[in-house]
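**Student:** This is the structure, below, for whatever I ask next.
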Amino acid sequence: MRWIGVTALLLVSRLAAAQVCPLSISATDLMRFEQQTLQVDRQCTEVEVTFHHTGKLPASAMGHDWVLTKTADVASVANAGMNAGLANNFQKPGDPRIVAATKVIGGGESATVRFSTAQLESGASYSYFCSAPGHFSIMKGRFVFNAPSSPAVAANLPK
Ligand code: ZN
């Protein structure tokens with residue numbers, strides 16, 4: 001009986017500590033992300049990114065995705081993804097350098113990806129980018145984890 005009580009207590013405290021932080025980002029037919037930086041507070045245990053394509057062109061012509069890697073891996077992951085083709089969302093299947101990624105979407109569509117912040121190394125530099133061929137040099141931004149609380153971060157915390 002005593003063990004059951006302890007387990008239940010642990011479960012409750014773990015649930016209470018879980019903090020899913022929603023982030024929103026959009027991209028256009030002009031091949032750009034509307035947000036140049038996404039910030040995540042250190043209290044977030046999970047991040048849920050909702051990616052909107054606010055343009056009108058189909059995925060075959062101007063498809064975008066949202067891919068998160070270490071900043072140093074952006075170019076090599078993008079180049080590896082180019083050969084994977086649209087069927088694989090221009091992401092090399094099973095690429096361990098990809099922390100999180102949405103599928104490629106066309107104008108008017110949106111996609112969501114949820115991931116744990118436990119896999120982010122503190123102190124490492126992370127960036128997000130679009131892996132559609134030729135897009136990453138323009139379509140990229142900084143992903144800041146452990147950002148000090150700021151109005152920008154607070155706006156993304158669960159209400
Ligand atoms: Zn793109």
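Order determines the names: the first chain of the structure tokens is A, the second B, and so forth; residues in each chain are numbered 1 upward, and ligands are numbered 1 upward as they are shown.
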Within 8 Å of Phe33 in chain A, counting only C-alpha atoms, which residues qualify if same-chain residues fewer than 3 places away don't, as JSON, numbers by chain?

**Tutor:** {"A": [25, 26, 27, 28, 36, 139, 140, 141]}

**Student:** Extract, using only C-alpha atoms, all DNA, RNA and protein residues at most 12 Å from His53 in chain A, discarding same-chain residues fewer than 2 positions from it, and format them as a PDB file with N, CA and C atoms, in the first residue's frame.

**Tutor:**
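Listing of part_32.pdb after writing:
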ATOM      1  N   SER A  24       3.569  29.419 -32.702  1.00  0.00           N
ATOM      2  CA  SER A  24       2.917  29.566 -33.991  1.00  0.00           C
ATOM      3  C   SER A  24       3.867  30.275 -34.950  1.00  0.00           C
ATOM      4  N   ILE A  25       3.953  29.754 -36.171  1.00  0.00           N
ATOM      5  CA  ILE A  25       4.816  30.394 -37.163  1.00  0.00           C
ATOM      6  C   ILE A  25       4.155  30.246 -38.523  1.00  0.00           C
ATOM      7  N   SER A  26       4.369  31.222 -39.374  1.00  0.00           N
ATOM      8  CA  SER A  26       3.762  31.140 -40.699  1.00  0.00           C
ATOM      9  C   SER A  26       4.773  31.463 -41.784  1.00  0.00           C
ATOM     10  N   ALA A  27       4.442  31.008 -42.991  1.00  0.00           N
ATOM     11  CA  ALA A  27       5.286  31.238 -44.158  1.00  0.00           C
ATOM     12  C   ALA A  27       4.398  31.635 -45.333  1.00  0.00           C
ATOM     13  N   THR A  28       5.007  32.254 -46.309  1.00  0.00           N
ATOM     14  CA  THR A  28       4.244  32.822 -47.421  1.00  0.00           C
ATOM     15  C   THR A  28       4.699  32.272 -48.776  1.00  0.00           C
ATOM     16  N   ASP A  29       3.977  32.674 -49.820  1.00  0.00           N
ATOM     17  CA  ASP A  29       4.377  32.340 -51.191  1.00  0.00           C
ATOM     18  C   ASP A  29       5.670  33.044 -51.575  1.00  0.00           C
ATOM     19  N   LEU A  30       6.068  34.040 -50.805  1.00  0.00           N
ATOM     20  CA  LEU A  30       7.288  34.791 -51.111  1.00  0.00           C
ATOM     21  C   LEU A  30       8.524  34.133 -50.508  1.00  0.00           C
ATOM     22  N   MET A  31       8.372  32.860 -50.103  1.00  0.00           N
ATOM     23  CA  MET A  31       9.494  32.079 -49.602  1.00  0.00           C
ATOM     24  C   MET A  31      10.148  32.706 -48.380  1.00  0.00           C
ATOM     25  N   ARG A  32       9.300  33.044 -47.420  1.00  0.00           N
ATOM     26  CA  ARG A  32       9.872  33.534 -46.163  1.00  0.00           C
ATOM     27  C   ARG A  32       9.004  33.167 -44.971  1.00  0.00           C
ATOM     28  N   PHE A  33       9.688  33.006 -43.830  1.00  0.00           N
ATOM     29  CA  PHE A  33       8.980  32.830 -42.564  1.00  0.00           C
ATOM     30  C   PHE A  33       8.632  34.210 -42.029  1.00  0.00           C
ATOM     31  N   GLU A  34       7.458  34.347 -41.464  1.00  0.00           N
ATOM     32  CA  GLU A  34       7.068  35.640 -40.901  1.00  0.00           C
ATOM     33  C   GLU A  34       7.787  35.917 -39.586  1.00  0.00           C
ATOM     34  N   THR A  50       2.799  25.021 -34.408  1.00  0.00           N
ATOM     35  CA  THR A  50       1.798  25.009 -35.468  1.00  0.00           C
ATOM     36  C   THR A  50       2.292  25.912 -36.584  1.00  0.00           C
ATOM     37  N   PHE A  51       2.428  25.306 -37.739  1.00  0.00           N
ATOM     38  CA  PHE A  51       3.021  25.991 -38.883  1.00  0.00           C
ATOM     39  C   PHE A  51       1.924  26.252 -39.927  1.00  0.00           C
ATOM     40  N   GLY A  55       0.122  31.345 -47.950  1.00  0.00           N
ATOM     41  CA  GLY A  55       0.091  31.653 -49.378  1.00  0.00           C
ATOM     42  C   GLY A  55      -1.036  30.924 -50.100  1.00  0.00           C
ATOM     43  N   LYS A  56      -0.936  30.887 -51.426  1.00  0.00           N
ATOM     44  CA  LYS A  56      -1.974  30.265 -52.243  1.00  0.00           C
ATOM     45  C   LYS A  56      -1.430  29.147 -53.130  1.00  0.00           C
ATOM     46  N   LEU A  57      -0.113  29.119 -53.311  1.00  0.00           N
ATOM     47  CA  LEU A  57       0.476  28.145 -54.235  1.00  0.00           C
ATOM     48  C   LEU A  57       0.479  26.736 -53.623  1.00  0.00           C
ATOM     49  N   PRO A  58       0.318  25.710 -54.475  1.00  0.00           N
ATOM     50  CA  PRO A  58       0.289  24.327 -53.971  1.00  0.00           C
ATOM     51  C   PRO A  58       1.676  23.855 -53.505  1.00  0.00           C
ATOM     52  N   ALA A  59       1.690  22.767 -52.754  1.00  0.00           N
ATOM     53  CA  ALA A  59       2.939  22.241 -52.203  1.00  0.00           C
ATOM     54  C   ALA A  59       3.944  21.894 -53.299  1.00  0.00           C
ATOM     55  N   MET A  62       5.257  25.662 -54.276  1.00  0.00           N
ATOM     56  CA  MET A  62       5.824  26.506 -53.225  1.00  0.00           C
ATOM     57  C   MET A  62       5.546  25.873 -51.864  1.00  0.00           C
ATOM     58  N   GLY A  63       5.853  24.574 -51.764  1.00  0.00           N
ATOM     59  CA  GLY A  63       5.639  23.890 -50.486  1.00  0.00           C
ATOM     60  C   GLY A  63       6.690  24.291 -49.465  1.00  0.00           C
ATOM     61  N   HIS A  64       6.262  24.351 -48.222  1.00  0.00           N
ATOM     62  CA  HIS A  64       7.187  24.654 -47.127  1.00  0.00           C
ATOM     63  C   HIS A  64       7.000  23.641 -46.001  1.00  0.00           C
ATOM     64  N   ASP A  65       8.068  23.463 -45.230  1.00  0.00           N
ATOM     65  CA  ASP A  65       7.954  22.723 -43.984  1.00  0.00           C
ATOM     66  C   ASP A  65       8.728  23.485 -42.913  1.00  0.00           C
ATOM     67  N   TRP A  66       8.671  22.975 -41.706  1.00  0.00           N
ATOM     68  CA  TRP A  66       9.391  23.584 -40.574  1.00  0.00           C
ATOM     69  C   TRP A  66      10.249  22.501 -39.961  1.00  0.00           C
ATOM     70  N   THR A 102       7.736  19.316 -39.453  1.00  0.00           N
ATOM     71  CA  THR A 102       6.391  19.109 -39.974  1.00  0.00           C
ATOM     72  C   THR A 102       6.528  18.512 -41.372  1.00  0.00           C
ATOM     73  N   LYS A 103       5.413  18.115 -41.955  1.00  0.00           N
ATOM     74  CA  LYS A 103       5.407  17.723 -43.358  1.00  0.00           C
ATOM     75  C   LYS A 103       5.430  18.982 -44.212  1.00  0.00           C
ATOM     76  N   VAL A 104       5.649  18.810 -45.495  1.00  0.00           N
ATOM     77  CA  VAL A 104       5.588  19.932 -46.433  1.00  0.00           C
ATOM     78  C   VAL A 104       4.123  20.247 -46.717  1.00  0.00           C
ATOM     79  N   ILE A 105       3.767  21.513 -46.629  1.00  0.00           N
ATOM     80  CA  ILE A 105       2.385  21.921 -46.874  1.00  0.00           C
ATOM     81  C   ILE A 105       2.329  23.014 -47.937  1.00  0.00           C
ATOM     82  N   GLY A 106       1.174  23.130 -48.557  1.00  0.00           N
ATOM     83  CA  GLY A 106       0.955  24.154 -49.561  1.00  0.00           C
ATOM     84  C   GLY A 106       0.130  25.304 -49.002  1.00  0.00           C
ATOM     85  N   GLY A 107      -0.153  26.274 -49.843  1.00  0.00           N
ATOM     86  CA  GLY A 107      -0.894  27.453 -49.423  1.00  0.00           C
ATOM     87  C   GLY A 107      -2.236  27.105 -48.791  1.00  0.00           C
ATOM     88  N   GLY A 108      -2.548  27.767 -47.684  1.00  0.00           N
ATOM     89  CA  GLY A 108      -3.821  27.552 -47.006  1.00  0.00           C
ATOM     90  C   GLY A 108      -3.815  26.380 -46.041  1.00  0.00           C
ATOM     91  N   GLU A 109      -2.720  25.624 -46.009  1.00  0.00           N
ATOM     92  CA  GLU A 109      -2.657  24.458 -45.126  1.00  0.00           C
ATOM     93  C   GLU A 109      -1.867  24.786 -43.858  1.00  0.00           C
ATOM     94  N   SER A 110      -2.027  23.932 -42.862  1.00  0.00           N
ATOM     95  CA  SER A 110      -1.190  24.058 -41.676  1.00  0.00           C
ATOM     96  C   SER A 110      -0.826  22.668 -41.175  1.00  0.00           C
ATOM     97  N   ALA A 111       0.236  22.611 -40.389  1.00  0.00           N
ATOM     98  CA  ALA A 111       0.731  21.343 -39.852  1.00  0.00           C
ATOM     99  C   ALA A 111       1.269  21.606 -38.455  1.00  0.00           C
ATOM    100  N   THR A 112       1.196  20.570 -37.628  1.00  0.00           N
ATOM    101  CA  THR A 112       1.625  20.712 -36.244  1.00  0.00           C
ATOM    102  C   THR A 112       2.623  19.617 -35.895  1.00  0.00           C
ATOM    103  N   CYS A 130      13.264  25.777 -43.735  1.00  0.00           N
ATOM    104  CA  CYS A 130      12.409  25.046 -44.681  1.00  0.00           C
ATOM    105  C   CYS A 130      13.332  24.200 -45.534  1.00  0.00           C
TER     106      CYS A 130
END

**Student:** From the options A:Asn83, A:Gln19, A:Gln43, A:Ser137, which residue's atoms come nearest to ligand 1, counting only C-alpha atoms and all ligand atoms?

**Tutor:** A:Ser137

**Student:** Near range 67-73 of chain A, within 9 Å and counting only C-alpha atoms, which residues show up once chain neighbours fewer than 4 positions away are dropped, as a list in words?

**Tutor:**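 Surrounding residues, per the criterion: Val77, Ala78, Gln91, Arg97, Ile98, Val99, Ala100, Ala101, Thr102, Lys103, Ala124, Ser125, Tyr126, Ser127, Tyr128, Phe129, Cys130, Ser131, Arg142 and Phe143 of chain A.
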
**Student:** Output C-alpha atoms for every residue in the selection just made, as a compact mmCIF listing (two decimals), in the first residue's frame.

**Tutor:**
# COMPACT_ATOMS: atom_id res chain seq x y z
CA VAL A 77 20.41 18.41 -43.36
CA ALA A 78 18.83 20.59 -46.06
CA GLN A 91 13.72 15.26 -45.27
CA ARG A 97 19.99 15.40 -36.76
CA ILE A 98 16.34 16.44 -37.18
CA VAL A 99 14.95 17.34 -33.74
CA ALA A 100 11.43 17.97 -35.03
CA ALA A 101 9.78 18.61 -38.37
CA THR A 102 6.39 19.11 -39.97
CA LYS A 103 5.41 17.72 -43.36
CA ALA A 124 23.63 24.48 -28.08
CA SER A 125 22.46 26.73 -30.89
CA TYR A 126 19.32 25.63 -32.74
CA SER A 127 17.71 26.92 -35.90
CA TYR A 128 14.63 26.10 -37.92
CA PHE A 129 14.41 26.17 -41.67
CA CYS A 130 12.41 25.05 -44.68
CA SER A 131 13.92 22.00 -46.36
CA ARG A 142 16.71 31.06 -34.62
CA PHE A 143 15.11 28.74 -32.10

**Student:** What is the distance between CA of Ala18 in chain A and CA of Leu120 in chain A, in Å to one decimal?

**Tutor:**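 The value is 15.8 Å.
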
**Student:** For Ala118 in chain A, please output as a PyMOL selection string all residues within 10 Å (counting only C-alpha atoms; exclusion window: fewer than 5 positions along the same chain).

**Tutor:** chain A and resi 44-46

**Student:** Filtering to C-alpha atoms, could you give me those residues as a PDB file, in the first residue's frame?

**Tutor:**
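Final output, selection_22.pdb:
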ATOM      1  CA  CYS A  44       8.426  24.242 -21.218  1.00  0.00           C
ATOM      2  CA  THR A  45       8.822  20.462 -21.168  1.00  0.00           C
ATOM      3  CA  GLU A  46       7.199  20.078 -24.561  1.00  0.00           C
TER       4      GLU A  46
END

**Student:** Can you tell me how far CA of Pro96 in chain A sits from CA of Ala147 in chain A, in Å to one decimal?

**Tutor:** 24.6 Å

**Student:** Pick out each residue of chain A that DSSP on the backbone tags as alpha helix (DSSP H); I need them as a ChimeraX atom specification.

**Tutor:** /A:2-17,59-62,74-82,151-154

**Student:** From the DSSP assignment of the backbone, select every residue of chain A that is strand (DSSP E or B), and format the answer as a PyMOL selection string.

**Tutor:** chain A and resi 20-27+33+37-41+46-53+64+67-70+100-101+105+110-116+126-129+140-147

**Student:** Quick check, in Å to one decimal: how far apart do CA of Ala84 in chain A and CA of Val113 in chain A lie?

**Tutor:**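 Going from CA of Ala84 in chain A over to CA of Val113 in chain A, I get 19.9 Å.
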